[in-house]
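Trainee: Can you keep this structure in mind? I'll have questions shortly.
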Amino acid sequence: MQQYMQQAIQLAKSASSTGVNPRVGAVVVKDGRVVGFGAHLKAGEAHAEVHAIRMAGAAAYGATMYVTLEPCSHYGKTPPCADLVVESGIKRVVIAMTDPNPLVSGQGIARLKAAGIDVEVGLLESEARTLNVAFLRSLETKRPYVILKTATSLDGKVALDTGDSKWVTGTEARRDVHELRASVDAILTGVGTVLADDPALTVRLDRETTEPLRVVLDRELRTPLSSQLVRTANDVPVLLYTTSDDQTKRDAFIERGVELAAYTSLDAVLQDVYARGIGRLLVEAGPTLVTSLLDGRFVDEWVMYQSPRVFGGKGGFYRSHHDGPLDAINRYDVQSVETVGADIKLIMREGESDVHGNR
């Protein structure tokens, strides 16, 4: 049994990003043989159970389904999966975890049981919850799961005092960043980074990927029309938050395919992009925006790349000042540490246990 749920979890992991939806995998088994499998790949498209049942066809009758999340029981962009499971003739459903949304939790299970289907819940639940840590966090905060990416020296500097920052980390780490970009729905930066680095914020890998939305905070519309972001806006969408009412400037951006939205606060921006279907948001920005995000406790996950070098100087990425006490300063819990090429990669999360299970 466990091997089939593990397979369903691996299928769910194959989805690069599902927007505000959870990642789900499903496997249909009959007479000890897998007859169907599937994953939810993109918001608004078929759910994992649909793909698995379609593949199984008539073999689904009398079979067992292993699914990482309770089948939905309500109409959204797609019909209820619980109804399809009932119609397929599946006789038993093994579910890793119930739907965490309190408005619908348990309703899918109740629908299955009412149809006479044997239901078991809790197999590999911990793994299933880890799979959807971003989805679970967003349900709580009503904003995207915010992933901060930084690349620094051992002493926390992002550049030399001369401004030289190419490159802080090596080729392997920079390629790993592109893998990270490919796993999110949007990338957020500030106008300071646009002016300093003219980033493209695109995914550059040797395989086909979906480009994330590029989001820029630029209150005064200082982003150059000649920047890579603006020049490529018709190919890869750009959403720019501003307070400017300069219609000439606004028209120039709109004519080049850039979407403009009103900036009121950082919190409001995060809520707005979540409402637009952004579930995972990567931040690649300079000290001003990074400091605001950290001070506002908006960062859910921190991916830190460190070069094994000491830069010295004043080029740090965090600009606030803490008077203490030390125990009052927010702590991010280390999830993993590895080397990527010659560099160090740490993944940390807010409000999680560390790699040793400590708080």
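Every chain in the structure tokens takes a letter, A first, then B, and so on in the order presented; its residues are numbered from 1, and the ligands are numbered from 1 following the presented order.
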Give me the residues near A:Thr189 as an MDAnalysis selection string, where near means some atom within 7 Å (using only C-alpha atoms) and where sequence neighbours in that chain fewer than 6 positions away do not count.

Mentor: chainID A and resid 215:217 283:285

Trainee: Do you know which residues are at most 8 Å from A:Leu139 counting only C-alpha atoms, after dropping those on the same chain fewer than 4 positions away, and could you put them as a VMD selection string?

Mentor: chain A and resid 101 135 143

Trainee: So that I can check the surroundings of stretch 29-46 of chain A, please list as a ChimeraX atom specification every protein, DNA and RNA residue that reaches within 7 Å of it, counting only C-alpha atoms and ignoring chain neighbours fewer than 3 positions away.

Mentor: /A:11-12,15,17-19,21,23-26,49-53,55-56,59,63-65,77-78

Trainee: Restrict the selected residues to N, CA and C atoms and save them as a PDB file, in the first residue's frame.

Mentor:
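This went into result.pdb:
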ATOM      1  N   LEU A  11       4.366  11.654  -8.167  1.00  0.00           N
ATOM      2  CA  LEU A  11       3.640  12.234  -9.294  1.00  0.00           C
ATOM      3  C   LEU A  11       3.264  13.683  -9.005  1.00  0.00           C
ATOM      4  N   ALA A  12       2.799  13.933  -7.783  1.00  0.00           N
ATOM      5  CA  ALA A  12       2.423  15.295  -7.410  1.00  0.00           C
ATOM      6  C   ALA A  12       3.615  16.240  -7.487  1.00  0.00           C
ATOM      7  N   ALA A  15       4.635  18.282 -10.806  1.00  0.00           N
ATOM      8  CA  ALA A  15       4.033  19.559 -11.215  1.00  0.00           C
ATOM      9  C   ALA A  15       4.940  20.693 -10.769  1.00  0.00           C
ATOM     10  N   SER A  17       4.405  24.022 -10.828  1.00  0.00           N
ATOM     11  CA  SER A  17       3.639  24.934  -9.982  1.00  0.00           C
ATOM     12  C   SER A  17       2.165  24.870 -10.383  1.00  0.00           C
ATOM     13  N   THR A  18       1.311  24.847  -9.371  1.00  0.00           N
ATOM     14  CA  THR A  18      -0.129  24.733  -9.632  1.00  0.00           C
ATOM     15  C   THR A  18      -0.878  25.983  -9.178  1.00  0.00           C
ATOM     16  N   GLY A  19      -0.187  27.110  -9.140  1.00  0.00           N
ATOM     17  CA  GLY A  19      -0.828  28.353  -8.726  1.00  0.00           C
ATOM     18  C   GLY A  19      -1.304  28.274  -7.296  1.00  0.00           C
ATOM     19  N   ASN A  21      -3.581  26.344  -6.231  1.00  0.00           N
ATOM     20  CA  ASN A  21      -4.090  25.005  -5.965  1.00  0.00           C
ATOM     21  C   ASN A  21      -3.012  24.129  -5.325  1.00  0.00           C
ATOM     22  N   ARG A  23      -0.714  20.651  -4.835  1.00  0.00           N
ATOM     23  CA  ARG A  23      -0.129  19.630  -5.708  1.00  0.00           C
ATOM     24  C   ARG A  23      -0.702  18.273  -5.274  1.00  0.00           C
ATOM     25  N   VAL A  24      -1.249  17.536  -6.233  1.00  0.00           N
ATOM     26  CA  VAL A  24      -1.929  16.274  -5.923  1.00  0.00           C
ATOM     27  C   VAL A  24      -1.529  15.205  -6.929  1.00  0.00           C
ATOM     28  N   GLY A  25      -1.343  13.997  -6.434  1.00  0.00           N
ATOM     29  CA  GLY A  25      -1.071  12.856  -7.289  1.00  0.00           C
ATOM     30  C   GLY A  25      -2.035  11.724  -6.957  1.00  0.00           C
ATOM     31  N   ALA A  26      -2.348  10.900  -7.949  1.00  0.00           N
ATOM     32  CA  ALA A  26      -3.280   9.788  -7.736  1.00  0.00           C
ATOM     33  C   ALA A  26      -2.823   8.568  -8.525  1.00  0.00           C
ATOM     34  N   GLU A  49      -7.069  12.939  -9.965  1.00  0.00           N
ATOM     35  CA  GLU A  49      -7.997  11.811 -10.012  1.00  0.00           C
ATOM     36  C   GLU A  49      -8.571  11.628 -11.410  1.00  0.00           C
ATOM     37  N   VAL A  50      -8.823  12.731 -12.104  1.00  0.00           N
ATOM     38  CA  VAL A  50      -9.389  12.662 -13.452  1.00  0.00           C
ATOM     39  C   VAL A  50      -8.408  11.977 -14.401  1.00  0.00           C
ATOM     40  N   HIS A  51      -7.145  12.403 -14.361  1.00  0.00           N
ATOM     41  CA  HIS A  51      -6.129  11.793 -15.226  1.00  0.00           C
ATOM     42  C   HIS A  51      -5.994  10.299 -14.938  1.00  0.00           C
ATOM     43  N   ALA A  52      -5.971   9.940 -13.647  1.00  0.00           N
ATOM     44  CA  ALA A  52      -5.782   8.539 -13.266  1.00  0.00           C
ATOM     45  C   ALA A  52      -6.956   7.667 -13.713  1.00  0.00           C
ATOM     46  N   ILE A  53      -8.175   8.161 -13.529  1.00  0.00           N
ATOM     47  CA  ILE A  53      -9.363   7.384 -13.907  1.00  0.00           C
ATOM     48  C   ILE A  53      -9.486   7.273 -15.418  1.00  0.00           C
ATOM     49  N   MET A  55      -7.033   7.179 -17.506  1.00  0.00           N
ATOM     50  CA  MET A  55      -6.047   6.194 -17.940  1.00  0.00           C
ATOM     51  C   MET A  55      -6.508   4.772 -17.617  1.00  0.00           C
ATOM     52  N   ALA A  56      -7.114   4.605 -16.451  1.00  0.00           N
ATOM     53  CA  ALA A  56      -7.555   3.278 -16.041  1.00  0.00           C
ATOM     54  C   ALA A  56      -8.717   2.774 -16.889  1.00  0.00           C
ATOM     55  N   ALA A  59     -10.960  -0.500 -16.261  1.00  0.00           N
ATOM     56  CA  ALA A  59     -10.250  -1.205 -15.196  1.00  0.00           C
ATOM     57  C   ALA A  59     -10.423  -0.528 -13.836  1.00  0.00           C
ATOM     58  N   ALA A  63     -11.507  -1.165  -8.409  1.00  0.00           N
ATOM     59  CA  ALA A  63     -10.104  -0.917  -8.084  1.00  0.00           C
ATOM     60  C   ALA A  63      -9.957  -0.065  -6.818  1.00  0.00           C
ATOM     61  N   THR A  64      -8.699   0.152  -6.422  1.00  0.00           N
ATOM     62  CA  THR A  64      -8.361   1.015  -5.294  1.00  0.00           C
ATOM     63  C   THR A  64      -7.614   2.240  -5.801  1.00  0.00           C
ATOM     64  N   MET A  65      -7.996   3.412  -5.302  1.00  0.00           N
ATOM     65  CA  MET A  65      -7.280   4.635  -5.660  1.00  0.00           C
ATOM     66  C   MET A  65      -6.473   5.121  -4.461  1.00  0.00           C
ATOM     67  N   LYS A  77     -13.398  25.443 -10.987  1.00  0.00           N
ATOM     68  CA  LYS A  77     -13.108  25.521 -12.418  1.00  0.00           C
ATOM     69  C   LYS A  77     -13.294  24.160 -13.076  1.00  0.00           C
ATOM     70  N   THR A  78     -13.359  23.100 -12.240  1.00  0.00           N
ATOM     71  CA  THR A  78     -13.584  21.738 -12.729  1.00  0.00           C
ATOM     72  C   THR A  78     -14.666  21.090 -11.870  1.00  0.00           C
TER      73      THR A  78
END

Trainee: For the structure I just gave you, how does DSSP split stretch 106-289 of chain A - specifically, which residues are helix (DSSP H, G or I)? Reply as a ChimeraX atom specification.

Mentor: /A:107-114,125-131,133-141,171-182,191-197,228-231,247-255,266-275,287-289

Trainee: Please identify every residue of stretch 285-306 of chain A that has at least one atom no farther than 10 Å from an atom of stretch 319-335 of chain A, counting only C-alpha atoms, and for each give the shortest atom pair and the distance in Å to one decimal, arranged by chain then increasing number, as a tab-separated table.

Mentor:
residue	atom	partner	partner_atom	distance
A:Pro287	CA	A:Arg319	CA	6.6
A:Thr288	CA	A:Arg319	CA	7.3
A:Leu289	CA	A:Arg319	CA	9.9
A:Val290	CA	A:Arg319	CA	8.8
A:Thr291	CA	A:Arg319	CA	6.0
A:Ser292	CA	A:Ser320	CA	8.8
A:Leu294	CA	A:Asn330	CA	9.2
A:Asp295	CA	A:Ser320	CA	7.9
A:Arg297	CA	A:Asn330	CA	8.5
A:Val299	CA	A:Tyr332	CA	9.6
A:Asp300	CA	A:Tyr332	CA	9.0
A:Glu301	CA	A:Tyr332	CA	8.4
A:Trp302	CA	A:Tyr332	CA	8.2

Trainee: Could the residues in this selection be written to a file with all heavy atoms, as an mmCIF file, in the first residue's frame?

Mentor:
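Below you can see selection_34.cif, which holds the result:
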data_model
loop_
_atom_site.group_PDB
_atom_site.id
_atom_site.type_symbol
_atom_site.label_atom_id
_atom_site.label_comp_id
_atom_site.auth_asym_id
_atom_site.auth_seq_id
_atom_site.Cartn_x
_atom_site.Cartn_y
_atom_site.Cartn_z
ATOM 1 N N PRO A 287 18.521 45.296 -1.197
ATOM 2 C CA PRO A 287 18.390 45.457 0.256
ATOM 3 C C PRO A 287 17.104 46.147 0.716
ATOM 4 O O PRO A 287 16.550 45.777 1.756
ATOM 5 C CB PRO A 287 19.618 46.298 0.623
ATOM 6 C CG PRO A 287 20.610 46.009 -0.455
ATOM 7 C CD PRO A 287 19.804 45.828 -1.698
ATOM 8 N N THR A 288 16.611 47.127 -0.028
ATOM 9 C CA THR A 288 15.429 47.862 0.420
ATOM 10 C C THR A 288 14.202 46.962 0.512
ATOM 11 O O THR A 288 13.517 46.901 1.548
ATOM 12 C CB THR A 288 15.130 49.044 -0.526
ATOM 13 O OG1 THR A 288 16.257 49.922 -0.557
ATOM 14 C CG2 THR A 288 13.905 49.817 -0.053
ATOM 15 N N LEU A 289 13.909 46.246 -0.557
ATOM 16 C CA LEU A 289 12.731 45.366 -0.569
ATOM 17 C C LEU A 289 12.945 44.161 0.334
ATOM 18 O O LEU A 289 12.023 43.744 1.050
ATOM 19 C CB LEU A 289 12.427 44.919 -2.000
ATOM 20 C CG LEU A 289 11.211 44.007 -2.194
ATOM 21 C CD1 LEU A 289 9.974 44.596 -1.526
ATOM 22 C CD2 LEU A 289 10.970 43.756 -3.682
ATOM 23 N N VAL A 290 14.150 43.600 0.332
ATOM 24 C CA VAL A 290 14.426 42.447 1.188
ATOM 25 C C VAL A 290 14.232 42.817 2.658
ATOM 26 O O VAL A 290 13.606 42.075 3.426
ATOM 27 C CB VAL A 290 15.861 41.920 0.951
ATOM 28 C CG1 VAL A 290 16.264 40.926 2.046
ATOM 29 C CG2 VAL A 290 15.963 41.250 -0.413
ATOM 30 N N THR A 291 14.730 43.976 3.060
ATOM 31 C CA THR A 291 14.576 44.420 4.447
ATOM 32 C C THR A 291 13.104 44.601 4.803
ATOM 33 O O THR A 291 12.652 44.188 5.885
ATOM 34 C CB THR A 291 15.340 45.735 4.667
ATOM 35 O OG1 THR A 291 16.736 45.520 4.412
ATOM 36 C CG2 THR A 291 15.164 46.240 6.089
ATOM 37 N N SER A 292 12.321 45.193 3.901
ATOM 38 C CA SER A 292 10.892 45.390 4.155
ATOM 39 C C SER A 292 10.165 44.054 4.311
ATOM 40 O O SER A 292 9.301 43.901 5.184
ATOM 41 C CB SER A 292 10.257 46.187 3.010
ATOM 42 O OG SER A 292 10.780 47.492 2.955
ATOM 43 N N LEU A 294 11.490 41.129 5.248
ATOM 44 C CA LEU A 294 11.911 40.468 6.480
ATOM 45 C C LEU A 294 11.308 41.161 7.706
ATOM 46 O O LEU A 294 10.809 40.506 8.621
ATOM 47 C CB LEU A 294 13.429 40.460 6.579
ATOM 48 C CG LEU A 294 14.152 39.522 5.588
ATOM 49 C CD1 LEU A 294 15.654 39.733 5.652
ATOM 50 C CD2 LEU A 294 13.815 38.059 5.888
ATOM 51 N N ASP A 295 11.318 42.486 7.710
ATOM 52 C CA ASP A 295 10.747 43.218 8.848
ATOM 53 C C ASP A 295 9.244 42.999 8.955
ATOM 54 O O ASP A 295 8.681 42.991 10.055
ATOM 55 C CB ASP A 295 11.039 44.715 8.707
ATOM 56 C CG ASP A 295 12.481 45.056 9.019
ATOM 57 O OD1 ASP A 295 13.207 44.173 9.525
ATOM 58 O OD2 ASP A 295 12.892 46.206 8.743
ATOM 59 N N ARG A 297 7.739 40.260 8.265
ATOM 60 C CA ARG A 297 7.505 38.816 8.478
ATOM 61 C C ARG A 297 6.714 38.208 7.326
ATOM 62 O O ARG A 297 5.847 37.356 7.517
ATOM 63 C CB ARG A 297 6.764 38.565 9.804
ATOM 64 C CG ARG A 297 7.460 39.067 11.055
ATOM 65 C CD ARG A 297 8.621 38.185 11.489
ATOM 66 N NE ARG A 297 8.184 36.853 11.888
ATOM 67 C CZ ARG A 297 7.858 36.511 13.144
ATOM 68 N NH1 ARG A 297 7.893 37.422 14.100
ATOM 69 N NH2 ARG A 297 7.502 35.281 13.438
ATOM 70 N N VAL A 299 8.282 36.655 4.713
ATOM 71 C CA VAL A 299 9.068 35.591 4.078
ATOM 72 C C VAL A 299 8.734 34.247 4.716
ATOM 73 O O VAL A 299 8.925 34.044 5.915
ATOM 74 C CB VAL A 299 10.577 35.889 4.198
ATOM 75 C CG1 VAL A 299 11.387 34.723 3.638
ATOM 76 C CG2 VAL A 299 10.925 37.177 3.466
ATOM 77 N N ASP A 300 8.237 33.323 3.896
ATOM 78 C CA ASP A 300 7.895 31.988 4.383
ATOM 79 C C ASP A 300 9.065 31.018 4.243
ATOM 80 O O ASP A 300 9.239 30.126 5.070
ATOM 81 C CB ASP A 300 6.703 31.437 3.589
ATOM 82 C CG ASP A 300 5.475 32.301 3.738
ATOM 83 O OD1 ASP A 300 5.042 32.528 4.882
ATOM 84 O OD2 ASP A 300 4.944 32.771 2.711
ATOM 85 N N GLU A 301 9.833 31.202 3.191
ATOM 86 C CA GLU A 301 10.975 30.321 2.936
ATOM 87 C C GLU A 301 12.133 31.164 2.427
ATOM 88 O O GLU A 301 11.942 32.108 1.649
ATOM 89 C CB GLU A 301 10.604 29.248 1.910
ATOM 90 C CG GLU A 301 11.720 28.247 1.603
ATOM 91 C CD GLU A 301 11.208 27.082 0.755
ATOM 92 O OE1 GLU A 301 10.185 26.473 1.143
ATOM 93 O OE2 GLU A 301 11.815 26.798 -0.296
ATOM 94 N N TRP A 302 13.325 30.815 2.851
ATOM 95 C CA TRP A 302 14.514 31.569 2.460
ATOM 96 C C TRP A 302 15.517 30.606 1.845
ATOM 97 O O TRP A 302 15.950 29.660 2.485
ATOM 98 C CB TRP A 302 15.096 32.239 3.697
ATOM 99 C CG TRP A 302 16.182 33.255 3.457
ATOM 100 C CD1 TRP A 302 16.943 33.413 2.343
ATOM 101 C CD2 TRP A 302 16.606 34.251 4.384
ATOM 102 N NE1 TRP A 302 17.832 34.443 2.514
ATOM 103 C CE2 TRP A 302 17.638 34.981 3.764
ATOM 104 C CE3 TRP A 302 16.216 34.589 5.688
ATOM 105 C CZ2 TRP A 302 18.289 36.026 4.410
ATOM 106 C CZ3 TRP A 302 16.877 35.637 6.316
ATOM 107 C CH2 TRP A 302 17.895 36.350 5.679
#

Trainee: Using DSSP on the backbone coordinates, identify the residues of stretch 178-214 of chain A assigned to strand (DSSP E or B); present them as a list in words.

Mentor: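 So, restricting stretch 178-214 of chain A to strand (DSSP E or B), we get Ala186, Ile187, Leu188, Thr189, Gly190, Leu213 and Arg214 of chain A.
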
Trainee: Can you tell me how far atom CA of A:Leu281 sits from atom CA of A:Thr169, in Å to one decimal?

Mentor: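 The value is 22.0 Å.
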
Trainee: I want to know what sits within 10 Å of stretch 86-88 of chain A, based on only C-alpha atoms, with residues of the same chain fewer than 2 positions away left out; could you give that as a JSON list (two decimals) with all heavy atoms, in the first residue's frame?

Mentor:
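Output file out36.json follows:
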[["chain", "number", "residue", "atom", "x", "y", "z"],
["A", 53, "ILE", "N", -8.18, 8.16, -13.53],
["A", 53, "ILE", "CA", -9.36, 7.38, -13.91],
["A", 53, "ILE", "C", -9.49, 7.27, -15.42],
["A", 53, "ILE", "O", -9.85, 6.22, -15.95],
["A", 53, "ILE", "CB", -10.63, 8.01, -13.28],
["A", 53, "ILE", "CG1", -10.61, 7.79, -11.75],
["A", 53, "ILE", "CG2", -11.90, 7.43, -13.89],
["A", 53, "ILE", "CD1", -11.70, 8.54, -11.01],
["A", 54, "ARG", "N", -9.17, 8.33, -16.12],
["A", 54, "ARG", "CA", -9.18, 8.27, -17.59],
["A", 54, "ARG", "C", -8.22, 7.23, -18.10],
["A", 54, "ARG", "O", -8.51, 6.48, -19.04],
["A", 54, "ARG", "CB", -8.84, 9.63, -18.17],
["A", 54, "ARG", "CG", -9.96, 10.67, -18.11],
["A", 54, "ARG", "CD", -9.48, 12.01, -18.62],
["A", 54, "ARG", "NE", -10.53, 13.03, -18.57],
["A", 54, "ARG", "CZ", -10.31, 14.32, -18.78],
["A", 54, "ARG", "NH1", -9.08, 14.77, -19.05],
["A", 54, "ARG", "NH2", -11.32, 15.18, -18.72],
["A", 56, "ALA", "N", -7.11, 4.61, -16.45],
["A", 56, "ALA", "CA", -7.56, 3.28, -16.04],
["A", 56, "ALA", "C", -8.72, 2.77, -16.89],
["A", 56, "ALA", "O", -8.84, 1.58, -17.15],
["A", 56, "ALA", "CB", -7.95, 3.30, -14.57],
["A", 57, "GLY", "N", -9.59, 3.67, -17.33],
["A", 57, "GLY", "CA", -10.74, 3.27, -18.14],
["A", 57, "GLY", "C", -11.64, 2.30, -17.38],
["A", 57, "GLY", "O", -11.92, 2.48, -16.19],
["A", 58, "ALA", "N", -12.05, 1.25, -18.06],
["A", 58, "ALA", "CA", -12.95, 0.27, -17.45],
["A", 58, "ALA", "C", -12.30, -0.47, -16.29],
["A", 58, "ALA", "O", -13.00, -1.00, -15.41],
["A", 58, "ALA", "CB", -13.42, -0.73, -18.52],
["A", 59, "ALA", "N", -10.96, -0.50, -16.26],
["A", 59, "ALA", "CA", -10.25, -1.20, -15.20],
["A", 59, "ALA", "C", -10.42, -0.53, -13.84],
["A", 59, "ALA", "O", -10.10, -1.10, -12.80],
["A", 59, "ALA", "CB", -8.77, -1.31, -15.54],
["A", 60, "ALA", "N", -10.93, 0.71, -13.82],
["A", 60, "ALA", "CA", -11.15, 1.41, -12.55],
["A", 60, "ALA", "C", -12.24, 0.74, -11.72],
["A", 60, "ALA", "O", -12.24, 0.83, -10.49],
["A", 60, "ALA", "CB", -11.53, 2.87, -12.82],
["A", 61, "TYR", "N", -13.16, 0.03, -12.39],
["A", 61, "TYR", "CA", -14.27, -0.61, -11.68],
["A", 61, "TYR", "C", -13.71, -1.67, -10.71],
["A", 61, "TYR", "O", -12.99, -2.59, -11.12],
["A", 61, "TYR", "CB", -15.23, -1.27, -12.65],
["A", 61, "TYR", "CG", -16.50, -1.78, -12.00],
["A", 61, "TYR", "CD1", -17.58, -0.93, -11.76],
["A", 61, "TYR", "CD2", -16.60, -3.11, -11.57],
["A", 61, "TYR", "CE1", -18.72, -1.38, -11.14],
["A", 61, "TYR", "CE2", -17.74, -3.56, -10.94],
["A", 61, "TYR", "CZ", -18.81, -2.70, -10.73],
["A", 61, "TYR", "OH", -19.95, -3.15, -10.09],
["A", 62, "GLY", "N", -14.03, -1.50, -9.43],
["A", 62, "GLY", "CA", -13.58, -2.45, -8.41],
["A", 62, "GLY", "C", -12.15, -2.23, -7.94],
["A", 62, "GLY", "O", -11.63, -3.01, -7.13],
["A", 63, "ALA", "N", -11.51, -1.16, -8.41],
["A", 63, "ALA", "CA", -10.10, -0.92, -8.08],
["A", 63, "ALA", "C", -9.96, -0.07, -6.82],
["A", 63, "ALA", "O", -10.94, 0.38, -6.22],
["A", 63, "ALA", "CB", -9.42, -0.23, -9.26],
["A", 81, "CYS", "N", -14.29, 15.96, -8.05],
["A", 81, "CYS", "CA", -13.60, 14.69, -8.29],
["A", 81, "CYS", "C", -14.27, 13.54, -7.56],
["A", 81, "CYS", "O", -14.24, 12.40, -8.02],
["A", 81, "CYS", "CB", -12.14, 14.80, -7.86],
["A", 81, "CYS", "SG", -11.14, 15.85, -8.94],
["A", 82, "ALA", "N", -14.85, 13.83, -6.39],
["A", 82, "ALA", "CA", -15.50, 12.77, -5.62],
["A", 82, "ALA", "C", -16.60, 12.11, -6.44],
["A", 82, "ALA", "O", -16.78, 10.88, -6.41],
["A", 82, "ALA", "CB", -16.06, 13.33, -4.32],
["A", 83, "ASP", "N", -17.36, 12.90, -7.20],
["A", 83, "ASP", "CA", -18.43, 12.35, -8.03],
["A", 83, "ASP", "C", -17.86, 11.43, -9.11],
["A", 83, "ASP", "O", -18.43, 10.37, -9.41],
["A", 83, "ASP", "CB", -19.23, 13.47, -8.69],
["A", 83, "ASP", "CG", -20.10, 14.22, -7.69],
["A", 83, "ASP", "OD1", -20.18, 13.79, -6.53],
["A", 83, "ASP", "OD2", -20.69, 15.26, -8.07],
["A", 84, "LEU", "N", -16.74, 11.84, -9.71],
["A", 84, "LEU", "CA", -16.12, 11.01, -10.76],
["A", 84, "LEU", "C", -15.62, 9.70, -10.19],
["A", 84, "LEU", "O", -15.76, 8.64, -10.83],
["A", 84, "LEU", "CB", -14.96, 11.78, -11.40],
["A", 84, "LEU", "CG", -14.21, 11.03, -12.53],
["A", 84, "LEU", "CD1", -15.15, 10.76, -13.69],
["A", 84, "LEU", "CD2", -13.00, 11.84, -12.99],
["A", 90, "ILE", "N", -14.82, 2.70, -8.58],
["A", 90, "ILE", "CA", -13.74, 2.41, -7.63],
["A", 90, "ILE", "C", -14.36, 2.01, -6.29],
["A", 90, "ILE", "O", -15.30, 2.64, -5.82],
["A", 90, "ILE", "CB", -12.82, 3.64, -7.49],
["A", 90, "ILE", "CG1", -11.92, 3.77, -8.73],
["A", 90, "ILE", "CG2", -11.98, 3.57, -6.22],
["A", 90, "ILE", "CD1", -11.08, 5.02, -8.77],
["A", 91, "LYS", "N", -13.82, 0.96, -5.68],
["A", 91, "LYS", "CA", -14.44, 0.44, -4.45],
["A", 91, "LYS", "C", -13.73, 0.88, -3.17],
["A", 91, "LYS", "O", -14.30, 0.79, -2.08],
["A", 91, "LYS", "CB", -14.48, -1.09, -4.49],
["A", 91, "LYS", "CG", -13.10, -1.75, -4.38],
["A", 91, "LYS", "CD", -13.23, -3.28, -4.29],
["A", 91, "LYS", "CE", -11.85, -3.93, -4.10],
["A", 91, "LYS", "NZ", -11.93, -5.40, -4.01],
["A", 92, "ARG", "N", -12.49, 1.35, -3.31],
["A", 92, "ARG", "CA", -11.73, 1.73, -2.12],
["A", 92, "ARG", "C", -10.83, 2.92, -2.45],
["A", 92, "ARG", "O", -10.22, 2.95, -3.52],
["A", 92, "ARG", "CB", -10.89, 0.56, -1.63],
["A", 92, "ARG", "CG", -10.08, 0.82, -0.37],
["A", 92, "ARG", "CD", -9.54, -0.51, 0.19],
["A", 92, "ARG", "NE", -8.68, -0.31, 1.34],
["A", 92, "ARG", "CZ", -7.35, -0.33, 1.30],
["A", 92, "ARG", "NH1", -6.73, -0.59, 0.15],
["A", 92, "ARG", "NH2", -6.63, -0.12, 2.38],
["A", 111, "ARG", "N", -18.87, 12.11, 0.82],
["A", 111, "ARG", "CA", -19.50, 11.76, -0.45],
["A", 111, "ARG", "C", -19.12, 10.35, -0.87],
["A", 111, "ARG", "O", -19.97, 9.57, -1.34],
["A", 111, "ARG", "CB", -19.08, 12.78, -1.53],
["A", 111, "ARG", "CG", -19.55, 12.44, -2.93],
["A", 111, "ARG", "CD", -21.03, 12.72, -3.11],
["A", 111, "ARG", "NE", -21.47, 12.39, -4.44],
["A", 111, "ARG", "CZ", -21.95, 11.20, -4.82],
["A", 111, "ARG", "NH1", -22.07, 10.23, -3.91],
["A", 111, "ARG", "NH2", -22.35, 11.00, -6.06],
["A", 112, "LEU", "N", -17.85, 9.99, -0.70],
["A", 112, "LEU", "CA", -17.39, 8.65, -1.07],
["A", 112, "LEU", "C", -18.03, 7.58, -0.18],
["A", 112, "LEU", "O", -18.50, 6.54, -0.67],
["A", 112, "LEU", "CB", -15.86, 8.57, -0.97],
["A", 112, "LEU", "CG", -15.05, 9.50, -1.87],
["A", 112, "LEU", "CD1", -13.56, 9.34, -1.60],
["A", 112, "LEU", "CD2", -15.35, 9.24, -3.34],
["A", 113, "LYS", "N", -18.05, 7.84, 1.13],
["A", 113, "LYS", "CA", -18.62, 6.86, 2.06],
["A", 113, "LYS", "C", -20.12, 6.69, 1.82],
["A", 113, "LYS", "O", -20.64, 5.57, 1.93],
["A", 113, "LYS", "CB", -18.37, 7.31, 3.50],
["A", 113, "LYS", "CG", -16.91, 7.15, 3.94],
["A", 113, "LYS", "CD", -16.74, 7.56, 5.40],
["A", 113, "LYS", "CE", -15.33, 7.29, 5.89],
["A", 113, "LYS", "NZ", -15.14, 7.69, 7.31],
["A", 114, "ALA", "N", -20.81, 7.77, 1.48],
["A", 114, "ALA", "CA", -22.25, 7.69, 1.22],
["A", 114, "ALA", "C", -22.54, 6.81, 0.02],
["A", 114, "ALA", "O", -23.64, 6.22, -0.08],
["A", 114, "ALA", "CB", -22.82, 9.10, 0.99],
["A", 115, "ALA", "N", -21.58, 6.70, -0.88],
["A", 115, "ALA", "CA", -21.74, 5.85, -2.07],
["A", 115, "ALA", "C", -21.29, 4.42, -1.83],
["A", 115, "ALA", "O", -21.27, 3.60, -2.76],
["A", 115, "ALA", "CB", -20.96, 6.45, -3.24],
["A", 116, "GLY", "N", -20.90, 4.12, -0.58],
["A", 116, "GLY", "CA", -20.50, 2.76, -0.24],
["A", 116, "GLY", "C", -19.03, 2.45, -0.49],
["A", 116, "GLY", "O", -18.61, 1.29, -0.46],
["A", 117, "ILE", "N", -18.23, 3.47, -0.73],
["A", 117, "ILE", "CA", -16.81, 3.26, -0.99],
["A", 117, "ILE", "C", -16.06, 3.20, 0.33],
["A", 117, "ILE", "O", -16.28, 4.00, 1.24],
["A", 117, "ILE", "CB", -16.24, 4.41, -1.87],
["A", 117, "ILE", "CG1", -16.90, 4.38, -3.25],
["A", 117, "ILE", "CG2", -14.73, 4.32, -1.99],
["A", 117, "ILE", "CD1", -16.52, 5.54, -4.14]]

Trainee: One decimal, in Å: what's the spacing between atom CA of A:Gly257 and atom CA of A:Leu225?

Mentor: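 Rounded to one decimal, the two atoms are 11.0 Å apart.
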
Trainee: Using only C-alpha atoms, which residues of stretch 178-280 of chain A come within 12 Å of stretch 127-134 of chain A, and what is the closest atom pair for each, with the distance in Å to one decimal? Give it as JSON lines, sorted by chain and residue number.

Mentor:
{"residue": "A:Ser183", "atom": "CA", "partner": "A:Ala134", "partner_atom": "CA", "distance": 11.7}
{"residue": "A:Val184", "atom": "CA", "partner": "A:Ala134", "partner_atom": "CA", "distance": 10.6}
{"residue": "A:Asp185", "atom": "CA", "partner": "A:Ala134", "partner_atom": "CA", "distance": 11.9}
{"residue": "A:Ile278", "atom": "CA", "partner": "A:Ala134", "partner_atom": "CA", "distance": 11.2}
{"residue": "A:Gly279", "atom": "CA", "partner": "A:Ala134", "partner_atom": "CA", "distance": 7.4}
{"residue": "A:Arg280", "atom": "CA", "partner": "A:Ala134", "partner_atom": "CA", "distance": 7.0}
